[in-house]
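See below for the structure under consideration.
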Amino acid sequence: MTDLTRLTAAETAEKIASGEVTAVAVTEAHLARIEAVDEKVHAFLHVDREGALAQARRVDEKRASGEKLGPLAGVPLALKDIFTTKGIPTTVGSKILEGWIPPYDATVTRRLKEADIVILGKTNMDEFAMGSSTENSAYGPTGNPWDLTRIPGGSGGGSSAAIASYEAPLAIGTDTGGSIRQPAAVTGTVGVKPTYGGVSRYGMVAFSSSLDQGGPCARTVLDAALLHEAIAGHDPLDSTSIDAPVPSVVEAARNGDVKGMRVGVVKEFAGEGYQAGVMQRFDESVELLRELGAEVVEISCPSFDKALAAYYLIAPSECSSNLARFDAMRYGLRVGDDGTKSAEDVTALTREAGFGDEVKRRVILGTYALSSGYYDAYYGSAQKVRTLIKRDFERAFESVDVLISPTTPTTAFPIGERSDDPMAMYLADLCTIPTNMAGNAAMSLPCGLAPEDGLPVGLQIIAPAMADDRLYRVGAAVEAAFEARWGHPLLEEAPSL
Amino acid sequence: MTVTDLVSYDDALATYDPVMGLEVHVELGTKTKMFCGCSTELKQDANSQTCPTCLGLPGALPVVNEIGVESAIKIGLALHCEIAEWCRFARKNYFYPDMPKNFQTSQYDEPIAYNGYLDVQLEDGEVFRVEIERAHMEEDTGKSTHVGGATGRIHGASHSLLDYNRAGIPLIEIVTKPIEGAGERAPEVAKAYVAELRELIKALGVSEARMEQGQMRCDVNLSLRPKGAEKFGTRSETKNVNSLRSVERAARFEIQRHAAVLSSGGTIVQETRHFHEEDGSTTAGRIKDNAEDYRYFPEPDLVPVAPAREWVEKLRAELPELPRVRRNRLREEWGVTEHDMQSILNAGAVDPIVQTIDAGAPADQARKWWMGELARRANEGGVDLAALPITPAQVARVCALVAEGSLNDKLARQTIEGVLAGEGSPDEVVAARGLAVVSDEGALGTAVDEAIAANAAIADKIRAGKIAAAGALVGAVMKATRGQADAARVRELILERLGAEG
Amino acid sequence: MPGITREEVAHLARLARLELKDEELDHFAGQLDDIIGAVARVSDVADEDVPPTSHPLPLTNVMRPDEVRPSLTPQEALSGAPAQEQQRFKVPQILGED
Ligand SMILES: [Mg+2]
Ligand SMILES: [Zn+2]
């Protein structure tokens, strides 16, 4: 019998739809896999065994009664613990929300359920999505399935580790500065940050509202596309949601082709700080694209150089305000309420106890950047940089269809290596941040292993806003060509757990 | 409470020139809250009108209420403001337990309406122009109840209980430019401005603007500068002054208090003040130092509001007649003095009277009932005139019955009493209580004859030409007919019988 | 651009309602000083005539009709409350004023 955890989501859905396997069997196989390996990986913060099996049973009943099933019906999924789930704990990786059970579902959660997808549980993440390693989780780090002593990326390390370790074929992540793409890159998986406004943020606990975007994580480009279509689309509950048809990403993923496309290599994403093996694999990807018939040119985006700085003003500023609601009054942790202290003191004591260092750093930084007297120099200037980045992208997309770069400058680093060096940690998102600043779409997919450490390297593809389908068209072509060259998906080279 | 020395109002005004700024918050009468679909209906059941958005639950997002924006534009237009072509919401960041997100979604440097004015008419008819700085959209907070302290006050409370039903209800904040040049009439201007604004808001139909229910709340900012000086003095901000009378009293008190402090060589601290209904005084609240930093920034969860010009012009075209213009028109139509009109306004009787006239009553009759008997009843019951259980159409019917002679004044009053008591329509009350005037000439004639016979001495006086004595006989007849006779007719009959000329 | 002092960090922490410990103040002050030093380069563009971008998308006028949607039940609303009384959120004594 085939190992049900090794199938792609598309294959799994097909087998369930045809009656070859039941959704319950698929779910049980994944629950068993989680039981077997998650103690080592620690991808999950919460496994909803009963809920998953109940949903799987509903899918099987639906099929039995001849009802039409969605394209991912019965496929298990790991949901980042940043999306609210009615009746299921949602912690955002923070102590301040330990034990909180939301009374409502995020729009993404609701759409997953409506698509008959089976939510296995909630995955680990850097607290409030602030980090690039998942070490900032209040519930302990997640290991990278390629090497458990290394980081799985962040903030969505739990989601990427879950799919890389075959605990689930699909996962949902969120990407504020690279939190879907960088984990995908370092775990040898596929991750997409859709166009801002493409996927509803309602019920996605906010880190930085103008940058946050939920998106799919998968082991193949097609699976990511199928999941993308399941969660995307206009949501009247999110004012920043785009009221336009979702780009045909599945069709694009089924028709990978770069012939005649113009591909721009972002000149600024190279040089000091970029690992040799990463650049080697990236250069090979450029060659591959040429071989596949794309015209590759170099493009300069001079403002990208200030993107990281602007990001570390905008994201902390917005988070300092977004996280103010965690005040010990209405939900979550409450510390120090001994009957003598004031609400004000209890709020301060609770936030002190409930937030980790990175969150505190960013809240203080954001409070600083928004203060009167500093606003124009910091927040105001950062918003101007944002305009310049947008212009760089606009200019670039006048001459190319997509841009490419390494997803992240290095492969997975050892857990603990950068944990008390914020600036070093922030560099992990150097190449991914400009996309969040401008609101357009980007994907990371595997492009090989770095020769020096044998760890996965990610190729980033960037498309204009609302042209998410281009990511999938290019991604599918690159994926097919690489797998033909390797003879198998890259992930099969990962050590077994 | 510290005792505040005051100087007399006249002395204060002899030395200083007051400058005021008035900030009024109006709760809109929309069906739903500003950023979520929760009902705004006032209910007792705590926390029954909340959702993830207005509770500030993690992940929840706001969506702007279209009628909230429309109402803001209407108010802006009625205040002769410019309406922004493009504006945004901003977050005002500060921690307070009644504010679920610990920021208020408001507007900062881009209000939807700005640069307007409102002409207010003082009691003597003088018109004073109050310049409007801005009107912007924001949201209300929840309500806290303080437990364990004396009389529910915040000080000494052991803990507080929060109900978020009110959190997120749309507010429009209307801010005046500094009001200068009102001199000794400053408190009167303040009161007239708030009264006029309330009328305007009601006329626009965007809120009932009931101050006693907190639907309209006023902050009075006041400073004094030596007469002739240009530069403003330091201001105090008296918060939540929630009745017209209080607005006037608060301004008056602060003028006297500032003058006392300044005259004794002291300096005014920029602080918030609390107004006390009991004695009209204010006491110090929070000092507004520079530590207060709201860290405003554009609300990233909402997109800009750019009201289409066609929409704005459509709303402008639909604006109702402004209250002051309407009042002056009605005053002329009714032929009453400024003073009487003011009383009518103060009694909340303008609309009932207009509606009664529309239902067919003569203006003087409509005015007489609403400002007389009905005003008295409303006063006794402590309710608004409009809340009395009688409709303008019913009052008009009573007027008609009087005009056709079926009721006299006394019977009309009894009829109204019956309607107010829930006994039915005026006709039903008349029938049930048997209130119709005795107009049967035979019966009346008998009653007159009996009265003359029983009061021979008075009858003689009348016969001798002392017509004024007829009143006593009229009284006797009215008593005999239990008031159900037309007194004028009775008098006629008496004089006729006694051969005297009326 | 000037650096950030320990006192400033303490002030910001108060504004942000974080009861930082002394050693945290020292630790964060150093780190924040580094970070601010690094991000201060954005102010190179402060004087440039560039409009700020606050929203990544050029959307305007997203509004909803004034129609009532179901609320949570009070039980759901209060389900996460650390303490409650009389169907209200029970919180420690509030200092200051409304
Ligand atoms: Mg306000
Ligand atoms: Zn609500």
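Ligands are numbered from 1 in the order shown, residues from 1 within each chain, and chains are lettered A, B, ... in the order they appear in the structure tokens.
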
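Every protein, DNA or RNA residue with an atom at most 12 Å from His11 (chain C), where only C-alpha atoms count and chain neighbours fewer than 6 positions away do not, is listed here: Ile364, Leu365, Thr367, Tyr368 and Ser371 of chain A; Ala291, Glu292 and Asp293 of chain B; Ile4, Thr5, Arg17, Leu18, Glu19, Leu20, Leu25 and Ala29 of chain C.
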
Item to complete: Go through the chains and note each residue within 6 Å of ligand 2, using only C-alpha atoms and all ligand atoms, then give the set as a ChimeraX atom specification.
Response: /B:36-38,50-51,53-54

Practice prompt. Name the residues in contact with Ile163 (chain A) at a cut-off of 12 Å, using only C-alpha atoms, excluding same-chain residues fewer than 6 positions from it; report them as a PyMOL selection string.
Written response: chain A and resi 5-9+30+33-34+38+41+43-44+76-80+120+123+144-146+152+156-157+169-173+183-184+187-191+216-220+223-224+491

Practice prompt. Check every protein, DNA and RNA residue against ligand 1, keep those with an atom at most 10 Å away (counting only C-alpha atoms and all ligand atoms), and present them as a PyMOL selection string.
Written response: chain B and resi 23-25+92+104-108+135-140+171-175

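Residues in contact range of region 203-210 of chain B, defined as at most 10 Å between only C-alpha atoms, with sequence neighbours fewer than 5 positions away removed, read His25, Val26, Glu27, Leu28, Gly29, Thr30, Ile67, Gly68, Glu70, Ser71, Ala72, Lys74, Ile75, Ala78, Leu197, Arg198, Gln215, Met216, Arg217, Asn242, Ser243, Glu318, Leu319, Pro320, Glu321, Leu322 and Pro323 of chain B.
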
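By only C-alpha atoms, and with residues fewer than 4 positions from region 54-60 of chain C along its chain excluded, the set lying at most 8 Å from it is Tyr196, Gly197, Ser210, Leu211, Thr240, Gln383, Met437, Ala438 and Gly439 of chain A; Pro298, Pro300, Val303, Pro304, Val305 and Ala306 of chain B.
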
Discussion item. At a cut-off of 9 Å, which residues of chain C touch chain A? Count only C-alpha atoms and give the answer as a ChimeraX atom specification.
Written reply: /C:8-9,12-21,24,28,31-32,34-36,38-57,59,62-64,72,76-83,89-95
